[in-house]
Amino acid sequence: MFTKMPCVVLRSFGAGETPALPVLTLAIAGLSMAAVAAEEKSAAVDPSAFLQTYCVECHGADKQKGDRRYDQLAFPLADELGVIEVQDAIDQLNLGDMPPKKAKKHPDSAELTAAIAALTKQVETARETLAAAGGQTILRRLNRREYLNTVGDLFAMPMETFDPTTKFPRDQVVEHMDNIGDTLVTSGYLLDQYLEAADQVVERALGMTKQPEEQEWHFQGNFDQGQELRYSHGKVYDFRYLCVYEVPNTVNHEGGYAAIKEFEDGVPADGIYEIKVLAHSMHRDTPYDPKIFRMDFREPFRLGIVPGDKRAGTMHHPQPIEPQLAEVTMKDGEPEWYTMSVWLEKGQSPRFIFPNGMQNCRQAFSRIASQYKDQWPKDDPYKGGIVEARRIVLQHGKMPHIRIHEVKVRGPLYEQWPPAHQELVFGKEGFREDRIRDILRNFADRAYRRPVTDEEIDRLMDVVETRRAEGHSPRQAAKDALKAALCSPAFLYLSEPGHIEGDETRLGAHDLASRLSYFLWSTMPDTELRGLADSGKLLEPGVLAAQLDRMLKSPRSEAFVTGFLDSWLNLRSLGDMPPDRDTFAVYYAKDLQNAMKRETQLFLRHLIEDDGPVTDFLDADYTFANKPLAEHYRLPVDGFAPEKAHEFRRVSLEKEPRRGGLLGMGSVLTVSANGIETSPVIRGVWLLENILGTPPPQPPDNVPPIDPDVRGTTSIRDRLTKHRESATCYDCHMKIDPPGFALENFDPIGGWRTHYPAGRKQGPKIDASGELASGEAFTDVTDFKKLMMDKRDLFTRMLTERLLTYAVGRRVEALDRPEIDRIVKVVGEHDYGMRTLLDEVVSSPIFLSP
């Protein structure tokens, strides 16, 4: 994939080079006198001779650094691989990375500029020749998240509490992208899972023939909460209360989920249930040391509901499917009734959580019992052990928690019957045997995202007839035909065959509608977009742009914000290497993982809505944070009201310039660390790949390891300096290490630090200075970000390529480079606006073509 770009670069020539002044080597738009002169001289420059003179030392028969070999290149270029290799050389020359400082020969500025022009001309000529030969259409299947969203929309069903894809194999990713067509392979195992998933989906949507009877349940007393709390709750409360003490994601899982033991079998049918709780906050004025709890007692306690399923595991432990369904803010004083409405699947039961509870109630019980033992009655002293600690603190102390006295459940509640998902499939009159063909046609027409053919309906009717012959009812036979449609390639794949328009191949209206919808919403086209495709109006001037505007304004475009950031910045991997719980307890106590991810999502959303400059990703004087994240960033928190501490707001970074842009965000800094320590190498590689789009080559097999410093007496900089003494390591690490050093003041969860840790002592002072391979020096991360701003066109190119890759589901190719160049130029002329970039991506021939 092409990830490097020619850009405006001021290259400083060092000792022994001529001239010793910055020279503008190439401008994308408009061009310096040097570039004009180069255009005139380029015909006289032999690109092959230039490469032989200055490049084969590192890229010849003896050595092939970066897997590039230039001594065998033949001009004119005849294939895409040659174009990629020469374009890579052009990019490295523009960046000032080639030839490296230690090379034996260096071209002067005039020769370098002329050579770049000559090589560029060779690439452009080759692209024109290759383009005339035509491209390749990739058949792409829906990935897992697209499948989930699509079946949810196809049946108009809520999917938060239902996941039929749990057994699907993980989608393969390429550079963090999970929707690349040639990697989304379909195995026999996956086909079996498609059959099983289709059965679950159709039976869930259409299985009920009669409206379930509304029921009521009332729970009062007999609140057994699991073995850890059973003794203390029985001894002190006689099981009268259901109590929640800690946040859900603790290590011991003692008091983070309050499930109703008598309701473990769950609700009898899918539907909306009204949950009423008689509850209140307890001991928000606790006299104990706040450090024990890691809570902000100025904030009112919050009570939430997540689903639980005893078939999925222990009810007071985390489960695979547990989205937060509702939340209320509790009051102190006497208990009050609170009402919440939630959707539950058959067999699920409501579990209560404490989103801003303490970090670890087991540790809190133990510390309070021992630290305040002089406060316990003399006839009931604390004698040690966690079991007695729980009892004595609950009986005689003031342990903060949410106390629930009664729970009432009513449901299932339906706004209509048949429910909307059945009406959508069967029609308002419900299922009728004489309408089976029409039912299948209407369904397949939506599922296939294009007009269905008679032959396709005939095949589905064959399924109906076969099932009827086997003795199944007409309704069941029709459902089985719907399941067959969900396993059809027409549903599972985005084929995008295209049609000829003059000398170009373009997507048809229905394929274009699908591409736009899966780009922005990760799901099938809605009624309006589908109608424009059916009429052909989507292909008319201005209509596609209007749909882009409408769809970006929809809340459903949150799928783009989440999906693209997960793919570009690899935020889906946030938490895969969880930070150490002892060292970084605040990460769990304050739910910083979700807060960090939300910050980055809101930042992108803001740029889209305001057409803000994409350069804000490199540096900005604002961000979005809730109170816990702002505290983590050492920002003022006076503007956060206690009852809204968990809500996000825009905050100023004018007095904290270290934080501006992606490189100061906790999500990026955490996903580029391993949860225990930081590595300039890992973060440097991450930055080169995802910010500059210039990934380093894979290390050679014989690369020596970086020796760990188990004593903490030397810094990582010292160890990397030694590592670079190896000739096989020097060239790559001179590019990788400096960006990584710039971020070393940020710990594994993005907290600011001035020294490395060394056990309980302060380790070596952090040196965040460095020098880029192109010669620019910086002193710290703020200084480094200024250098990144100078590379704004390089960043914009990388972002454009990532957006196009995500949008069309294929790798960017060498033939795409001229169009990407055009987009970068246009975006730069419009103040680098994010919305402008999206407009250009969607209107580009790359997006409009198969």
# chains A, B, ... in the order shown; residues from 1 in each chain; ligands from 1
call {"tool": "residues_around", "arguments": {"residues": "stretch 68-83 of chain A", "least_positions_apart": "2", "cutoff": "8 Å", "atoms": "only C-alpha atoms", "output": "CSV table (one decimal) with N, CA and C atoms, in the first residue's frame"}}
result
chain,number,residue,atom,x,y,z
A,48,SER,N,18.1,6.1,-13.9
A,48,SER,CA,18.8,4.8,-13.6
A,48,SER,C,20.2,5.2,-13.1
A,51,LEU,N,20.1,6.6,-9.5
A,51,LEU,CA,19.9,5.5,-8.5
A,51,LEU,C,21.1,4.7,-8.3
A,52,GLN,N,21.8,4.4,-9.4
A,52,GLN,CA,23.1,3.6,-9.3
A,52,GLN,C,24.1,4.4,-8.5
A,55,CYS,N,22.0,5.3,-4.6
A,55,CYS,CA,21.1,4.4,-3.9
A,55,CYS,C,21.5,3.0,-3.8
A,56,VAL,N,22.3,2.5,-4.7
A,56,VAL,CA,22.6,1.0,-4.7
A,56,VAL,C,23.5,0.6,-3.6
A,59,HIS,N,20.7,-0.3,-1.5
A,59,HIS,CA,19.6,-1.0,-2.1
A,59,HIS,C,20.1,-1.7,-3.4
A,60,GLY,N,21.2,-2.5,-3.3
A,60,GLY,CA,21.7,-3.1,-4.4
A,60,GLY,C,21.9,-4.6,-4.2
A,61,ALA,N,22.8,-5.2,-4.9
A,61,ALA,CA,23.0,-6.7,-4.8
A,61,ALA,C,23.4,-7.2,-3.4
A,63,LYS,N,23.1,-5.4,-0.4
A,63,LYS,CA,22.1,-5.0,0.7
A,63,LYS,C,20.8,-4.5,0.1
A,64,GLN,N,19.7,-4.9,0.7
A,64,GLN,CA,18.4,-4.5,0.2
A,64,GLN,C,17.6,-3.9,1.4
A,65,LYS,N,18.0,-2.8,1.9
A,65,LYS,CA,17.3,-2.2,3.1
A,65,LYS,C,15.9,-1.8,2.7
A,66,GLY,N,15.0,-2.1,3.6
A,66,GLY,CA,13.6,-1.8,3.4
A,66,GLY,C,13.0,-2.7,2.3
A,85,GLU,N,8.1,0.9,-6.1
A,85,GLU,CA,9.5,1.1,-5.6
A,85,GLU,C,10.1,2.4,-5.9
A,86,VAL,N,9.8,2.9,-7.1
A,86,VAL,CA,10.3,4.3,-7.5
A,86,VAL,C,9.6,5.4,-6.7
A,87,GLN,N,8.3,5.2,-6.5
A,87,GLN,CA,7.6,6.2,-5.7
A,87,GLN,C,8.1,6.3,-4.3
A,122,GLN,N,8.7,9.5,-14.8
A,122,GLN,CA,8.7,8.1,-15.1
A,122,GLN,C,7.5,7.4,-14.4
A,123,VAL,N,7.2,7.7,-13.2
A,123,VAL,CA,6.1,7.1,-12.5
A,123,VAL,C,4.8,7.5,-13.1
A,126,ALA,N,4.2,5.6,-16.3
A,126,ALA,CA,3.9,4.2,-16.1
A,126,ALA,C,2.5,4.1,-15.6
A,127,ARG,N,2.0,5.0,-14.8
A,127,ARG,CA,0.6,5.0,-14.3
A,127,ARG,C,-0.4,5.1,-15.4
A,130,LEU,N,-0.5,1.7,-17.1
A,130,LEU,CA,-1.1,0.7,-16.3
A,130,LEU,C,-2.6,1.0,-16.2
A,814,ALA,N,-0.9,1.8,-6.5
A,814,ALA,CA,0.0,2.8,-7.1
A,814,ALA,C,-0.8,3.7,-8.1
A,815,LEU,N,-1.8,3.1,-8.7
A,815,LEU,CA,-2.6,3.9,-9.7
A,815,LEU,C,-3.5,4.9,-9.1
call {"tool": "residues_around", "arguments": {"residues": "A:Ser349", "least_positions_apart": "6", "cutoff": "7 Å", "atoms": "only C-alpha atoms", "output": "PyMOL selection string"}}
result
chain A and resi 263-264+266-267+307-309
call {"tool": "residues_around", "arguments": {"residues": "A:Ala364", "least_positions_apart": "5", "cutoff": "12 Å", "atoms": "only C-alpha atoms", "output": "PDB file with C-alpha atoms, in the first residue's frame"}}
result
ATOM      1  CA  TYR A 245     -20.157  -1.243  46.332  1.00  0.00           C
ATOM      2  CA  GLU A 246     -17.635  -0.981  43.509  1.00  0.00           C
ATOM      3  CA  ASN A 252     -11.976  -9.488  42.663  1.00  0.00           C
ATOM      4  CA  GLU A 254     -17.179  -9.005  44.797  1.00  0.00           C
ATOM      5  CA  GLY A 255     -19.534  -6.043  44.850  1.00  0.00           C
ATOM      6  CA  TYR A 288     -12.702   7.143  56.318  1.00  0.00           C
ATOM      7  CA  ASP A 289      -9.653   8.100  54.272  1.00  0.00           C
ATOM      8  CA  PRO A 290     -10.864   8.798  50.688  1.00  0.00           C
ATOM      9  CA  LYS A 291      -7.713   7.148  49.318  1.00  0.00           C
ATOM     10  CA  ILE A 292      -9.144   3.819  50.427  1.00  0.00           C
ATOM     11  CA  PHE A 293     -11.997   4.135  47.936  1.00  0.00           C
ATOM     12  CA  ARG A 294     -10.563   6.227  45.083  1.00  0.00           C
ATOM     13  CA  MET A 295     -13.949   7.920  44.763  1.00  0.00           C
ATOM     14  CA  GLY A 357     -18.318   3.328  42.890  1.00  0.00           C
ATOM     15  CA  MET A 358     -15.125   2.509  44.740  1.00  0.00           C
ATOM     16  CA  GLN A 359     -12.162   0.824  43.097  1.00  0.00           C
ATOM     17  CA  ALA A 369     -11.359  -3.087  59.438  1.00  0.00           C
ATOM     18  CA  SER A 370      -7.665  -2.968  60.347  1.00  0.00           C
ATOM     19  CA  GLN A 371      -6.939   0.759  60.035  1.00  0.00           C
ATOM     20  CA  TYR A 372      -9.917   1.798  62.198  1.00  0.00           C
ATOM     21  CA  ILE A 386     -11.493 -10.755  54.999  1.00  0.00           C
ATOM     22  CA  ALA A 389     -13.617  -7.597  57.869  1.00  0.00           C
ATOM     23  CA  ARG A 390     -16.727  -7.462  55.704  1.00  0.00           C
ATOM     24  CA  VAL A 393     -17.400  -2.898  58.686  1.00  0.00           C
ATOM     25  CA  LEU A 394     -21.001  -3.422  57.564  1.00  0.00           C
ATOM     26  CA  GLY A 397     -18.866   1.097  60.164  1.00  0.00           C
ATOM     27  CA  LYS A 398     -19.915   3.436  57.399  1.00  0.00           C
ATOM     28  CA  MET A 399     -19.100   1.687  54.149  1.00  0.00           C
ATOM     29  CA  PRO A 400     -20.246   3.792  51.141  1.00  0.00           C
ATOM     30  CA  HIS A 401     -22.597   1.910  48.811  1.00  0.00           C
TER      31      HIS A 401
END
call {"tool": "atom_distance", "arguments": {"atom1": "atom CA of A:Ser774", "atom2": "atom CA of A:Gly96"}}
result
4.7 Å
